[in-house]
$ cat protein30.txt   # compact mmCIF, N, CA and C atoms
# COMPACT_ATOMS: atom_id res chain seq x y z
N MET A 110 5.14 -4.73 -8.23
CA MET A 110 3.95 -4.60 -9.05
C MET A 110 3.00 -3.60 -8.39
N ALA A 111 2.37 -2.79 -9.20
CA ALA A 111 1.49 -1.74 -8.71
C ALA A 111 0.17 -2.31 -8.18
N ASN A 112 -0.45 -1.56 -7.28
CA ASN A 112 -1.76 -1.90 -6.75
C ASN A 112 -2.77 -1.83 -7.89
N HIS A 113 -3.48 -2.93 -8.11
CA HIS A 113 -4.37 -2.99 -9.28
C HIS A 113 -5.47 -1.94 -9.26
N GLN A 114 -5.98 -1.61 -8.06
CA GLN A 114 -7.01 -0.58 -8.00
C GLN A 114 -6.47 0.77 -8.46
N GLN A 115 -5.28 1.12 -7.97
CA GLN A 115 -4.70 2.42 -8.30
C GLN A 115 -4.35 2.50 -9.78
N VAL A 116 -3.92 1.39 -10.35
CA VAL A 116 -3.59 1.36 -11.79
C VAL A 116 -4.82 1.73 -12.60
N LEU A 117 -5.96 1.12 -12.30
CA LEU A 117 -7.17 1.42 -13.06
C LEU A 117 -7.67 2.82 -12.77
N ILE A 118 -7.62 3.24 -11.53
CA ILE A 118 -8.05 4.61 -11.18
C ILE A 118 -7.22 5.62 -11.96
N ASP A 119 -5.90 5.43 -12.00
CA ASP A 119 -5.03 6.35 -12.75
C ASP A 119 -5.37 6.35 -14.24
N ALA A 120 -5.62 5.17 -14.79
CA ALA A 120 -5.94 5.06 -16.22
C ALA A 120 -7.26 5.74 -16.53
N VAL A 121 -8.27 5.53 -15.69
CA VAL A 121 -9.58 6.16 -15.91
C VAL A 121 -9.45 7.67 -15.76
N ASN A 122 -8.74 8.13 -14.74
CA ASN A 122 -8.56 9.58 -14.55
C ASN A 122 -7.86 10.21 -15.74
N LYS A 123 -6.89 9.52 -16.32
CA LYS A 123 -6.20 10.05 -17.50
C LYS A 123 -7.18 10.14 -18.67
N ALA A 124 -8.00 9.12 -18.85
CA ALA A 124 -9.00 9.15 -19.93
C ALA A 124 -9.98 10.30 -19.73
N ILE A 125 -10.35 10.56 -18.48
CA ILE A 125 -11.26 11.66 -18.18
C ILE A 125 -10.58 13.00 -18.48
N GLU A 126 -9.30 13.11 -18.12
CA GLU A 126 -8.55 14.33 -18.43
C GLU A 126 -8.48 14.57 -19.94
N GLU A 127 -8.49 13.50 -20.71
CA GLU A 127 -8.42 13.61 -22.17
C GLU A 127 -9.78 13.81 -22.82
N GLY A 128 -10.84 13.88 -22.02
CA GLY A 128 -12.14 14.22 -22.59
C GLY A 128 -13.25 13.19 -22.46
N MET A 129 -12.93 11.98 -22.05
CA MET A 129 -14.00 11.00 -21.83
C MET A 129 -14.71 11.33 -20.53
N THR A 130 -15.94 10.88 -20.39
CA THR A 130 -16.64 11.02 -19.11
C THR A 130 -16.71 9.65 -18.46
N ALA A 131 -16.89 9.65 -17.15
CA ALA A 131 -17.02 8.39 -16.42
C ALA A 131 -18.22 7.62 -16.94
N ARG A 132 -19.28 8.32 -17.26
CA ARG A 132 -20.49 7.67 -17.79
C ARG A 132 -20.20 7.00 -19.13
N GLN A 133 -19.45 7.66 -20.01
CA GLN A 133 -19.09 7.06 -21.30
C GLN A 133 -18.26 5.79 -21.09
N ILE A 134 -17.33 5.86 -20.15
CA ILE A 134 -16.47 4.70 -19.88
C ILE A 134 -17.31 3.54 -19.36
N ALA A 135 -18.17 3.81 -18.39
CA ALA A 135 -19.01 2.76 -17.81
C ALA A 135 -19.92 2.15 -18.87
N THR A 136 -20.56 3.00 -19.67
CA THR A 136 -21.46 2.52 -20.72
C THR A 136 -20.71 1.65 -21.73
N ALA A 137 -19.56 2.13 -22.18
CA ALA A 137 -18.78 1.37 -23.16
C ALA A 137 -18.30 0.04 -22.57
N ALA A 138 -18.03 0.02 -21.27
CA ALA A 138 -17.57 -1.20 -20.61
C ALA A 138 -18.72 -2.15 -20.27
N GLY A 139 -19.94 -1.66 -20.40
CA GLY A 139 -21.10 -2.50 -20.11
C GLY A 139 -21.38 -2.68 -18.63
N ILE A 140 -20.98 -1.68 -17.84
CA ILE A 140 -21.26 -1.74 -16.39
C ILE A 140 -22.07 -0.52 -15.99
N ASP A 141 -22.70 -0.61 -14.85
CA ASP A 141 -23.48 0.50 -14.33
C ASP A 141 -22.54 1.61 -13.89
N ASN A 142 -22.93 2.84 -14.14
CA ASN A 142 -22.12 4.00 -13.76
C ASN A 142 -21.82 4.02 -12.26
N SER A 143 -22.77 3.53 -11.45
CA SER A 143 -22.58 3.54 -10.00
C SER A 143 -21.46 2.58 -9.57
N VAL A 144 -21.28 1.49 -10.32
CA VAL A 144 -20.20 0.54 -10.02
C VAL A 144 -18.85 1.23 -10.22
N LEU A 145 -18.72 1.93 -11.34
CA LEU A 145 -17.48 2.65 -11.62
C LEU A 145 -17.26 3.75 -10.59
N SER A 146 -18.31 4.46 -10.26
CA SER A 146 -18.21 5.55 -9.30
C SER A 146 -17.75 5.05 -7.92
N ARG A 147 -18.36 3.98 -7.43
CA ARG A 147 -17.97 3.43 -6.12
C ARG A 147 -16.52 2.93 -6.15
N PHE A 148 -16.11 2.35 -7.27
CA PHE A 148 -14.73 1.88 -7.40
C PHE A 148 -13.78 3.07 -7.38
N MET A 149 -14.08 4.10 -8.17
CA MET A 149 -13.21 5.27 -8.27
C MET A 149 -13.09 6.00 -6.93
N ASN A 150 -14.14 5.93 -6.12
CA ASN A 150 -14.12 6.58 -4.81
C ASN A 150 -13.57 5.68 -3.71
N GLY A 151 -13.12 4.48 -4.06
CA GLY A 151 -12.52 3.57 -3.09
C GLY A 151 -13.52 2.91 -2.16
N LYS A 152 -14.78 2.91 -2.54
CA LYS A 152 -15.81 2.34 -1.68
C LYS A 152 -16.01 0.85 -1.90
N GLN A 153 -15.61 0.35 -3.07
CA GLN A 153 -15.71 -1.09 -3.33
C GLN A 153 -14.79 -1.47 -4.47
N ASP A 154 -14.34 -2.71 -4.43
CA ASP A 154 -13.55 -3.23 -5.54
C ASP A 154 -14.53 -3.74 -6.59
N ILE A 155 -14.04 -4.12 -7.72
CA ILE A 155 -14.91 -4.63 -8.78
C ILE A 155 -14.43 -6.01 -9.22
N LYS A 156 -15.32 -6.72 -9.91
CA LYS A 156 -14.99 -8.05 -10.42
C LYS A 156 -13.91 -7.92 -11.49
N ALA A 157 -13.12 -8.97 -11.64
CA ALA A 157 -12.03 -8.97 -12.62
C ALA A 157 -12.57 -8.69 -14.03
N GLY A 158 -13.69 -9.28 -14.36
CA GLY A 158 -14.27 -9.06 -15.69
C GLY A 158 -14.61 -7.60 -15.92
N ASP A 159 -15.19 -6.95 -14.91
CA ASP A 159 -15.51 -5.52 -15.02
C ASP A 159 -14.23 -4.69 -15.11
N TYR A 160 -13.25 -5.08 -14.32
CA TYR A 160 -11.96 -4.38 -14.31
C TYR A 160 -11.39 -4.32 -15.73
N PHE A 161 -11.32 -5.48 -16.38
CA PHE A 161 -10.73 -5.53 -17.72
C PHE A 161 -11.67 -4.97 -18.78
N SER A 162 -12.97 -5.02 -18.55
CA SER A 162 -13.91 -4.37 -19.47
C SER A 162 -13.68 -2.86 -19.48
N ILE A 163 -13.48 -2.31 -18.29
CA ILE A 163 -13.20 -0.87 -18.20
C ILE A 163 -11.87 -0.55 -18.87
N LEU A 164 -10.86 -1.30 -18.50
CA LEU A 164 -9.52 -1.04 -19.03
C LEU A 164 -9.50 -1.12 -20.56
N ASN A 165 -10.22 -2.08 -21.11
CA ASN A 165 -10.20 -2.29 -22.56
C ASN A 165 -10.94 -1.24 -23.37
N VAL A 166 -11.80 -0.43 -22.73
CA VAL A 166 -12.50 0.62 -23.49
C VAL A 166 -11.77 1.96 -23.42
N LEU A 167 -10.71 2.02 -22.63
CA LEU A 167 -9.96 3.27 -22.52
C LEU A 167 -9.10 3.49 -23.76
N PRO A 168 -8.79 4.74 -24.06
CA PRO A 168 -7.90 5.01 -25.19
C PRO A 168 -6.55 4.30 -25.00
N GLU A 169 -5.90 4.00 -26.10
CA GLU A 169 -4.65 3.24 -26.06
C GLU A 169 -3.61 3.88 -25.15
N ASP A 170 -3.51 5.21 -25.18
CA ASP A 170 -2.48 5.86 -24.37
C ASP A 170 -2.78 5.80 -22.87
N CYS A 171 -3.98 5.39 -22.51
CA CYS A 171 -4.34 5.16 -21.10
C CYS A 171 -4.24 3.67 -20.76
N ARG A 172 -4.65 2.85 -21.70
CA ARG A 172 -4.73 1.40 -21.50
C ARG A 172 -3.35 0.74 -21.48
N VAL A 173 -2.50 1.06 -22.46
CA VAL A 173 -1.21 0.38 -22.59
C VAL A 173 -0.33 0.56 -21.36
N PRO A 174 -0.18 1.79 -20.85
CA PRO A 174 0.64 1.94 -19.64
C PRO A 174 0.06 1.17 -18.44
N ALA A 175 -1.26 1.10 -18.35
CA ALA A 175 -1.88 0.36 -17.25
C ALA A 175 -1.53 -1.12 -17.34
N PHE A 176 -1.62 -1.69 -18.53
CA PHE A 176 -1.22 -3.09 -18.70
C PHE A 176 0.25 -3.27 -18.33
N GLY A 177 1.06 -2.33 -18.73
CA GLY A 177 2.48 -2.41 -18.38
C GLY A 177 2.71 -2.37 -16.88
N ARG A 178 2.00 -1.47 -16.20
CA ARG A 178 2.13 -1.37 -14.73
C ARG A 178 1.65 -2.63 -14.04
N LEU A 179 0.69 -3.30 -14.65
CA LEU A 179 0.18 -4.55 -14.08
C LEU A 179 1.10 -5.73 -14.38
N GLY A 180 2.05 -5.52 -15.28
CA GLY A 180 2.97 -6.59 -15.65
C GLY A 180 2.35 -7.59 -16.61
N ILE A 181 1.29 -7.19 -17.30
CA ILE A 181 0.60 -8.10 -18.20
C ILE A 181 1.35 -8.24 -19.51
N PHE A 182 1.92 -7.18 -20.01
CA PHE A 182 2.80 -7.27 -21.18
C PHE A 182 3.80 -6.14 -21.11
N GLU A 183 4.88 -6.32 -21.81
CA GLU A 183 5.91 -5.31 -21.81
C GLU A 183 5.58 -4.21 -22.78
N MET A 184 5.97 -3.01 -22.42
CA MET A 184 5.78 -1.86 -23.29
C MET A 184 7.03 -1.68 -24.13
N SER A 185 6.86 -1.15 -25.32
CA SER A 185 8.01 -0.83 -26.15
C SER A 185 8.70 0.38 -25.54
N LEU A 186 9.92 0.63 -25.93
CA LEU A 186 10.65 1.79 -25.43
C LEU A 186 9.90 3.07 -25.79
N ALA A 187 9.38 3.14 -27.00
CA ALA A 187 8.63 4.34 -27.41
C ALA A 187 7.40 4.55 -26.53
N GLN A 188 6.67 3.47 -26.22
CA GLN A 188 5.49 3.60 -25.35
C GLN A 188 5.90 4.00 -23.94
N LEU A 189 7.00 3.45 -23.46
CA LEU A 189 7.49 3.79 -22.13
C LEU A 189 7.81 5.27 -22.05
N ILE A 190 8.49 5.79 -23.06
CA ILE A 190 8.85 7.21 -23.07
C ILE A 190 7.61 8.08 -23.18
N GLN A 191 6.67 7.70 -24.04
CA GLN A 191 5.46 8.49 -24.23
C GLN A 191 4.62 8.57 -22.96
N THR A 192 4.65 7.53 -22.16
CA THR A 192 3.80 7.49 -20.97
C THR A 192 4.51 7.95 -19.70
N ALA A 193 5.79 8.27 -19.82
CA ALA A 193 6.55 8.71 -18.65
C ALA A 193 6.11 10.11 -18.23
N SER A 194 6.24 10.37 -16.95
CA SER A 194 5.95 11.71 -16.43
C SER A 194 7.07 12.65 -16.86
N PRO A 195 6.87 13.95 -16.80
CA PRO A 195 7.95 14.88 -17.14
C PRO A 195 9.22 14.63 -16.32
N LYS A 196 9.06 14.33 -15.05
CA LYS A 196 10.23 14.06 -14.20
C LYS A 196 10.96 12.80 -14.69
N GLU A 197 10.20 11.74 -15.02
CA GLU A 197 10.82 10.51 -15.51
C GLU A 197 11.53 10.74 -16.84
N LYS A 198 10.93 11.57 -17.72
CA LYS A 198 11.58 11.88 -18.99
C LYS A 198 12.89 12.63 -18.76
N ALA A 199 12.89 13.57 -17.83
CA ALA A 199 14.11 14.31 -17.52
C ALA A 199 15.19 13.38 -16.98
N GLU A 200 14.79 12.43 -16.14
CA GLU A 200 15.75 11.46 -15.60
C GLU A 200 16.33 10.59 -16.70
N MET A 201 15.48 10.18 -17.67
CA MET A 201 15.96 9.38 -18.79
C MET A 201 16.97 10.16 -19.62
N LEU A 202 16.63 11.40 -19.93
CA LEU A 202 17.53 12.23 -20.74
C LEU A 202 18.86 12.46 -20.02
N HIS A 203 18.80 12.69 -18.74
CA HIS A 203 20.01 12.89 -17.95
C HIS A 203 20.88 11.63 -17.99
N ALA A 204 20.27 10.48 -17.84
CA ALA A 204 21.02 9.22 -17.86
C ALA A 204 21.65 8.98 -19.23
N ILE A 205 20.91 9.27 -20.29
CA ILE A 205 21.45 9.10 -21.64
C ILE A 205 22.61 10.06 -21.87
N ALA A 206 22.43 11.31 -21.47
CA ALA A 206 23.51 12.30 -21.65
C ALA A 206 24.75 11.90 -20.87
N ALA A 207 24.58 11.43 -19.65
CA ALA A 207 25.72 11.01 -18.84
C ALA A 207 26.44 9.84 -19.50
N TRP A 208 25.69 8.92 -20.07
CA TRP A 208 26.30 7.78 -20.76
C TRP A 208 27.06 8.24 -22.00
N VAL A 209 26.44 9.11 -22.81
CA VAL A 209 27.07 9.57 -24.04
C VAL A 209 28.36 10.32 -23.75
N LEU A 210 28.41 11.06 -22.66
CA LEU A 210 29.58 11.86 -22.34
C LEU A 210 30.72 11.05 -21.72
N GLN A 211 30.48 9.80 -21.41
CA GLN A 211 31.56 8.96 -20.86
C GLN A 211 32.59 8.69 -21.95
N PRO A 212 33.87 8.72 -21.61
CA PRO A 212 34.89 8.38 -22.60
C PRO A 212 34.67 6.96 -23.12
N GLY A 213 34.68 6.83 -24.43
CA GLY A 213 34.53 5.52 -25.05
C GLY A 213 33.10 5.04 -25.22
N ALA A 214 32.13 5.81 -24.75
CA ALA A 214 30.73 5.38 -24.87
C ALA A 214 30.25 5.37 -26.31
N MET A 215 30.74 6.29 -27.09
CA MET A 215 30.35 6.37 -28.50
C MET A 215 31.43 5.70 -29.32
N SER A 216 31.07 4.66 -30.04
CA SER A 216 32.05 3.97 -30.86
C SER A 216 31.95 4.42 -32.30
N GLY A 217 32.93 4.10 -33.08
CA GLY A 217 32.91 4.44 -34.50
C GLY A 217 33.47 5.82 -34.76
N ASN A 218 33.04 6.39 -35.88
CA ASN A 218 33.57 7.68 -36.31
C ASN A 218 32.88 8.86 -35.65
N HIS A 219 31.84 8.63 -34.89
CA HIS A 219 31.06 9.72 -34.32
C HIS A 219 31.39 9.89 -32.84
N THR A 220 32.64 10.19 -32.55
CA THR A 220 33.08 10.28 -31.15
C THR A 220 33.25 11.71 -30.67
N ASP A 221 33.02 12.69 -31.53
CA ASP A 221 33.15 14.09 -31.11
C ASP A 221 31.92 14.46 -30.30
N THR A 222 32.10 14.65 -29.00
CA THR A 222 30.98 14.98 -28.11
C THR A 222 31.00 16.44 -27.69
N SER A 223 31.76 17.28 -28.39
CA SER A 223 31.86 18.67 -27.99
C SER A 223 30.51 19.39 -28.04
N ASP A 224 29.64 19.02 -28.97
CA ASP A 224 28.31 19.65 -29.05
C ASP A 224 27.40 19.18 -27.93
N LEU A 225 27.64 17.98 -27.44
CA LEU A 225 26.70 17.39 -26.49
C LEU A 225 26.71 18.08 -25.14
N GLN A 226 27.83 18.65 -24.75
CA GLN A 226 27.89 19.31 -23.45
C GLN A 226 26.89 20.45 -23.38
N VAL A 227 26.64 21.10 -24.51
CA VAL A 227 25.67 22.18 -24.55
C VAL A 227 24.26 21.64 -24.25
N ALA A 228 23.95 20.46 -24.77
CA ALA A 228 22.64 19.87 -24.57
C ALA A 228 22.43 19.46 -23.13
N VAL A 229 23.49 19.09 -22.46
CA VAL A 229 23.37 18.63 -21.08
C VAL A 229 23.21 19.82 -20.20
$ encode --input "protein30.txt" --output "structure tokens"
Amino acid sequence: MANHQQVLIDAVNKAIEEGMTARQIATAAGIDNSVLSRFMNGKQDIKAGDYFSILNVLPEDCRVPAFGRLGIFEMSLAQLIQTASPKEKAEMLHAIAAWVLQPGAMSGNHTDTSDLQVAV
């Protein structure tokens, strides 16, 4: 399980990269901007209520992966793929391609994998 402080810091930083400001996040969460600032700079932890208040005001694409990293709920496959880093996406595609190219991996009438080698 991920470090809870780093999970929230990553989620807030992603929201900031997407255009929110730290002040907007703090205001929407109902906490003082200085509390968020000290937390983001590693100078103090925050109360659980503040932690989840901050997390809950973040955009969905920042919030959902954070909940997943915390183990609070499972992410769908689509959400997992959308939130993966470019390196993680490349690893997923490589694993899928390797599986598809295995003899017998594709069942039914769609067993011609001659086109797939080009994609790999």
$ select_by_dssp --input "protein30.txt" --residues "stretch 151-188 of chain A" --states "alpha helix (DSSP H)" --output "list in words"
Ala157, Gly158, Asp159, Tyr160, Phe161, Ser162, Ile163, Leu164, Asn165, Val166, Glu169, Asp170, Cys171, Arg172, Val173, Pro174, Ala175, Phe176, Gly177, Arg178, Leu179, Leu186, Ala187 and Gln188 of chain A
$ closest_residue --input "protein30.txt" --among "A:Lys123, A:His203, A:Arg132, A:Lys156" --to "A:Pro174" --atoms "only C-alpha atoms"
A:Lys123
$ atom_distance --input "protein30.txt" --atom1 "atom CA of A:Arg172" --atom2 "atom C of A:Gly151"
21.3 Å
$ closest_residue --input "protein30.txt" --among "A:Trp208, A:Ile181, A:Ala138, A:Ala124" --to "A:Gly158" --atoms "only C-alpha atoms"
A:Ala138
$ atom_distance --input "protein30.txt" --atom1 "atom C of A:Thr136" --atom2 "atom C of A:Gln188"
26.8 Å
$ closest_residue --input "protein30.txt" --among "A:Gln114, A:Phe148, A:Asp119, A:Ala135" --to "A:Cys171" --atoms "only N, CA and C atoms"
A:Asp119
$ atom_distance --input "protein30.txt" --atom1 "atom CA of A:Leu202" --atom2 "atom CA of A:Ser185"
17.0 Å
$ closest_residue --input "protein30.txt" --among "A:Ala120, A:Leu210, A:Ala187, A:Met149" --to "A:Glu169" --atoms "only C-alpha atoms"
A:Ala120
$ closest_residue --input "protein30.txt" --among "A:Asp170, A:Phe176, A:Pro212, A:Ser162" --to "A:Val116" --atoms "only C-alpha atoms"
A:Phe176
$ closest_residue --input "protein30.txt" --among "A:Gln133, A:Gly213, A:Leu164, A:Val144" --to "A:Leu117" --atoms "only C-alpha atoms"
A:Leu164
